[in-house]
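Everything below concerns the one structure shown next.
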Amino acid sequence: MLLRMKKVAVLGSGVMGASIAGHLANVGIKAYLLDIVPSQLSDKEEKLGLSLEHKAVRNRFAQTGKERLTKEKPSPLYTKDVLELIQVGNLEDDFQLLSEVDWIIEVVVENLKIKQDLFAKIEGVWKPGTIVSSNTSGISVHDMVEGRSEEFKKHVLGTHFFNPPRYMKLLEIIPTKYTDVNLVHEMKAFAETVLGKGVVIAKDTPNFIANRIGTYGLQITLQAMEQMGLNADEVDAITGRAMGRPKSATFRTLDLVGLDTFVHVANNVHATATDAVDKDAFTVSDTLVKMVENKWLGSKTGQGFYKKVGKEILVLDTKTFEYKPKSKFKSTSLEASKRAKSKAEGLQALVYGKDTAGELAWTITKKVLLYSANKLGEIADDIVAVDQAMKWGFNWDLGPFELWDAIGVEKSIAKMKAEGDTIPAWVEEMLATGNQTFYKQEASKDYQFSIGGKFTEIEEDAKKINLAKLKAEGKLIKGNKGASLIDIGDDIAVLEFHSPKQAIGADIINMINHSVKEVGSNYKGLVIGNQAQNFCVGANLMLMLMEAQDHNWPELDMMVRQFQKAMGSLRTLDRPVVAAPFGMTLGGGVEVSLPADRIQASAETYMGLVEVGVGLIPGGGGNKEMLLRWTEGVNPGDKVSLQPLVNHVFMTVAQAKVSTSGEEARQYKFVREMDGITANNDFLIHDAKQVALGLYNAGYKAPKERKIPVVGETGYNVLRLGAKDLMWGGYISEHDYKIASKLAYVLAGGLVAEGTLVSQQYLLDLEREAFLSLIGEPKTQQRMQYMLAKGKPLRN
């Protein structure tokens with residue numbers, strides 16, 4: 001049974017403490033945010049005549065932490081409304097509150113003595129059964145509970161969130177030898193399902209898994225840079241996307257993290273290291289020491305390895321300690337890596353390259369692989385935990401052992417041995433038994449090689465539905481280049497988009513039409529979802545632009561009609577349709593979602609009808625669907641003004657508003673109150689499937705078409721006048737006004753009388769005509785071309 005957390009206390013309101021409280025509030029959990037009592041008044045408090053005993057003063061640190069959540073970007077909050085769930089206080093007046101919570105999270109300064117004293121104080125008010133955890137990034141949790149009772153120790157563990165907690169998937173759970181085993185499993189399930197985390201179980205060792213390997217990797221990269229006489233920009237050109245790492249690569253990442261923070265983490269391992277390898281590897285270089293002394297800490301101080309001067313970004317020359325323009329690094333192996341057809345081929349081209357880039361990539365990769373293998377058993381029980389920690393905590397495409405498989409275990413070890421490296425015995429054992437990879441798949445089951453010398457099955461949560469795996473198992477019903485229909489069990493099918501960027505074109509429309517027929521005859525329901533980086537970024541812009549430039553109006557007209565018809569078939573299908581949007585869900589991606597009976601959105605869903613950014617308005621029924629949502633429940637005889645409702649739709653579309661979360665999408669009615677939100681994207685398809693089954697089992701019937709009341713000519717003039725005021729004020733261009741006028745005409749229902757009930761097809765016809773007229777405009781085509789070339793809107 002899943003743990004229920006009604007109230008949680010977060011002790012410490014710094015960046016991490018406040019952000020953890022914010023994320024708890026995101027998922028609907030009340031959080032007490034407590035911090036120490038200030039020892040002196042601020043200037044502002046003195047001017048207000050407050051004393052140290054005033055409640056506002058005593059709660060100042062926690063209140064400041066809470067307020068900071070509204071200013072940080074990207075926002076730690078799904079919506080600002082969730083702040084109501086955070087109650088601030090202090091560790092003296094409000095300590096008794098800890099006796100009424102379900103979970104206490106310690107996020108105070110990284111000092112063992114302070115943490116031990118705090119845990120002793122917590123036990124004094126502790127309610128038996130309450131979970132207590134530390135968010136420490138490296139201090140031993142076992143040492144923190146020294147001297148506490150046996151019962152208390154059973155309920156203590158480490159819960160190491162990565163920053164920022166809302167966006168970083170990794171949560172390391174660190175049990176001690178005292179922690180109740182069932183509690184560990186319960187916390188893992190809770191964190192995955194409710195908090196949306198990817199959980200790994202780590203050993204109680206310095207810096208746990210991700211920071212241990214990640215810091216080691218950064219340290220040896222810095223050492224290699226100095227040994228090879230390179231600069232940060234040259235290293236970053238090699239250690240970014242080409243190696244399956246984030247674009248920020250090595251030194252831009254260090255600047256973002258903060259060099260002082262990194263040095264603290266490295267010193268933490270160095271201080272507790274018991275072997276010479278770790279002592280040497282985690283010795284902070286003179287370069288970093290000098291940079292920290294100079295307060296060149298990275299982004300937070302305006303300079304680190306990089307420094308922005310005007311519009312130019314300069315890089316630090318670590319030999320002269322002066323900033324200079326970035327170089328244009330070129331490499332044969334890097335170019336070969338970019339041309340490779342697969343991720344594995346690209347990595348092999350780089351790490352086995354014979355130039356500087358290849359040498360650096362190989363040196364770093366080799367050391368990280370050997371270090372990870374040597375530390376297995378010490379920091380984690382299995383290779384899956386290590387790989388997942390690095391993917392979720394450092395945004396690597398592949399974890400160390402997945403990377404080893406990709407470059408070829410046998411080939412790489414031969415090279416390592418030729419260079420005099422010692423291979424861990426368990427890896428040698430794997431090769432000696434005839435196995436050439438750390439992972440393998442047999443009979444649709446995944447296995448990992450373990451230190452014990454055998455392959456063990458990798459157990460996956462039943463809520464993780466893997467579409468690629470299902471297709472490999474023969475569950476594909478039908479597919480083409482743009483989309484696939486897949487049987488996901490229990491008589492539910494998934495319509496998966498897999499065109500480039502999941503953009504909607506003829507292939508997807510054809511597959512929608514086929515899916516409607518197939519599901520209507522043979523399945524209980526349809527889920528629309530995929531497992532790419534984003535749900536859908538819209539229609540195929542390049543195709544539409546080419547047709548417009550060729551003046552192929554009949555073809556464009558047919559494309560829009562077919563898209564509208566396909567969306568209509570989703571709405572009228574006599575089986576439940578559930579859309580499962582996530583990530584970027586823009587333009588046509590929203591239009592695909594809106595006709596669904598339900599939406600099960602990921603918590604991280606960025607939804608918006610953004611067509612005005614390319615000089616268009618929604619053409620696939622988006623305007624009509626938004627009017628349906630905003631006028632729902634309004635009857636012809638009701639004395640309700642439609643204008644404010646239509647104004648909402650107009651502003652949402654005309655300003656191309658995009659939600660910053662699945663929860664915020666409710667404010668625009670992209671997501672309704674009856675729709676669901678899934679915190680963990682890995683469970684999204686499963687949750688959408690359950691919704692579809694629930695609707696079918698409840699006796700689903702397709703909704704009857706209803707007519708829509710419109711504001712007509714009067715409302716059209718109101719909307720157009722507002723847009724004209726913006727044009728006269730210089731806020732929008734003449735072309736922006738033309739787009740807004742077309743949109744106003746569609747949303748008003750044309751020049752009919754206010755309150756007229758119109759059919760949905762009538763509104764679709766208006767929408768299509770406006771779309772086609774705008775795509776013929778030269779300035780719209782300029783906007784479309786600019787977006788395709790630059791990836792951002794043109795204001796012309």
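Within each chain, counting starts at residue 1; across the structure tokens, chains are named A, B, ... in the order shown, with ligands numbered 1 upward in that order.
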
Can you pull out the residues contacting Ala406 of chain A? Cut-off 8 Å, using only C-alpha atoms, and skip same-chain residues under 3 positions away; I want them as a ChimeraX atom specification.
/A:343-345,347-348,402-403,409

Hey, can you spit out that residue selection with N, CA and C atoms as an mmCIF file, in the first residue's frame?
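Listing of again-v4.cif after writing:
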data_model
loop_
_atom_site.group_PDB
_atom_site.id
_atom_site.type_symbol
_atom_site.label_atom_id
_atom_site.label_comp_id
_atom_site.auth_asym_id
_atom_site.auth_seq_id
_atom_site.Cartn_x
_atom_site.Cartn_y
_atom_site.Cartn_z
ATOM 1 N N LYS A 343 24.065 6.037 -31.861
ATOM 2 C CA LYS A 343 24.752 6.568 -30.687
ATOM 3 C C LYS A 343 26.023 5.771 -30.408
ATOM 4 N N ALA A 344 25.939 4.437 -30.518
ATOM 5 C CA ALA A 344 27.093 3.590 -30.241
ATOM 6 C C ALA A 344 28.216 3.846 -31.244
ATOM 7 N N GLU A 345 27.854 3.957 -32.519
ATOM 8 C CA GLU A 345 28.868 4.222 -33.546
ATOM 9 C C GLU A 345 29.526 5.575 -33.332
ATOM 10 N N LEU A 347 29.945 7.177 -30.444
ATOM 11 C CA LEU A 347 30.854 7.089 -29.297
ATOM 12 C C LEU A 347 32.139 6.360 -29.677
ATOM 13 N N GLN A 348 32.007 5.299 -30.458
ATOM 14 C CA GLN A 348 33.197 4.550 -30.874
ATOM 15 C C GLN A 348 34.104 5.404 -31.751
ATOM 16 N N GLU A 402 26.318 1.068 -19.457
ATOM 17 C CA GLU A 402 25.676 1.144 -20.773
ATOM 18 C C GLU A 402 26.661 1.697 -21.792
ATOM 19 N N LEU A 403 27.444 2.694 -21.373
ATOM 20 C CA LEU A 403 28.462 3.289 -22.243
ATOM 21 C C LEU A 403 29.533 2.258 -22.593
ATOM 22 N N VAL A 409 32.984 -3.809 -24.896
ATOM 23 C CA VAL A 409 33.714 -4.157 -23.670
ATOM 24 C C VAL A 409 35.039 -4.821 -23.999
#

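Near Gly358 of chain A, within 8 Å and counting only C-alpha atoms, sit Ser333, Leu334, Leu350, Val351 and Tyr352 of chain A, not including residues fewer than 6 positions from it in the same chain.
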
What's around Gly525 of chain A at 12 Å? Count only C-alpha atoms, leave out sequence neighbours fewer than 4 positions away in its own chain, and write the answer as number ranges by chain.
A: 486-495, 515-521, 570, 573-579, 596-598, 688-697, 699-702

Considering only alpha helix (DSSP H) as DSSP defines it on the backbone, what residues of segment 597-706 of chain A qualify? List them as a PyMOL selection string.
chain A and resi 622-630+643-654+684-697

Give me, as a PyMOL selection string, all polymer residues having an atom no more than 10 Å from Phe650 of chain A, counting only C-alpha atoms and skipping those fewer than 5 positions away in the same chain.
chain A and resi 623+626-627+644-645+655-656+719+740+743-744+746-748

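Closest approach to Glu611 of chain A among A:Gln96, A:Asn647, A:Asn522, A:Thr780: A:Thr780, based on only C-alpha atoms.
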
Atomic separation - atom CA of Thr605 of chain A relative to atom CA of Gln667 of chain A, Å:
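These atoms are spaced 13.1 Å apart.
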
Check the smallest atom-to-atom distance from each of A:Glu555, A:Glu460, A:Glu625, A:Glu547 to Glu705 of chain A using only C-alpha atoms, then report the winner.
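Nearest to Glu705 of chain A: A:Glu625.
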
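Within 6 Å of segment 531-541 of chain A there are A:Gln502, A:Ala503, A:Ile504, A:Gly505, A:Pro581, A:Phe582, A:Gly583, A:Met584, A:Thr585, A:Leu586, A:Gly587, A:Gly588, A:Gly589, counting only C-alpha atoms and ignoring same-chain residues fewer than 5 positions away.
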
6 Å contact set for segment 671-685 of chain A, only C-alpha atoms, chain neighbours under 5 positions out, as a list in words
Gly196, Lys463, Lys464, Arg598, Ile599, Gln600, Ala601, Ser602, Ala603, Ala665 and Arg666 of chain A
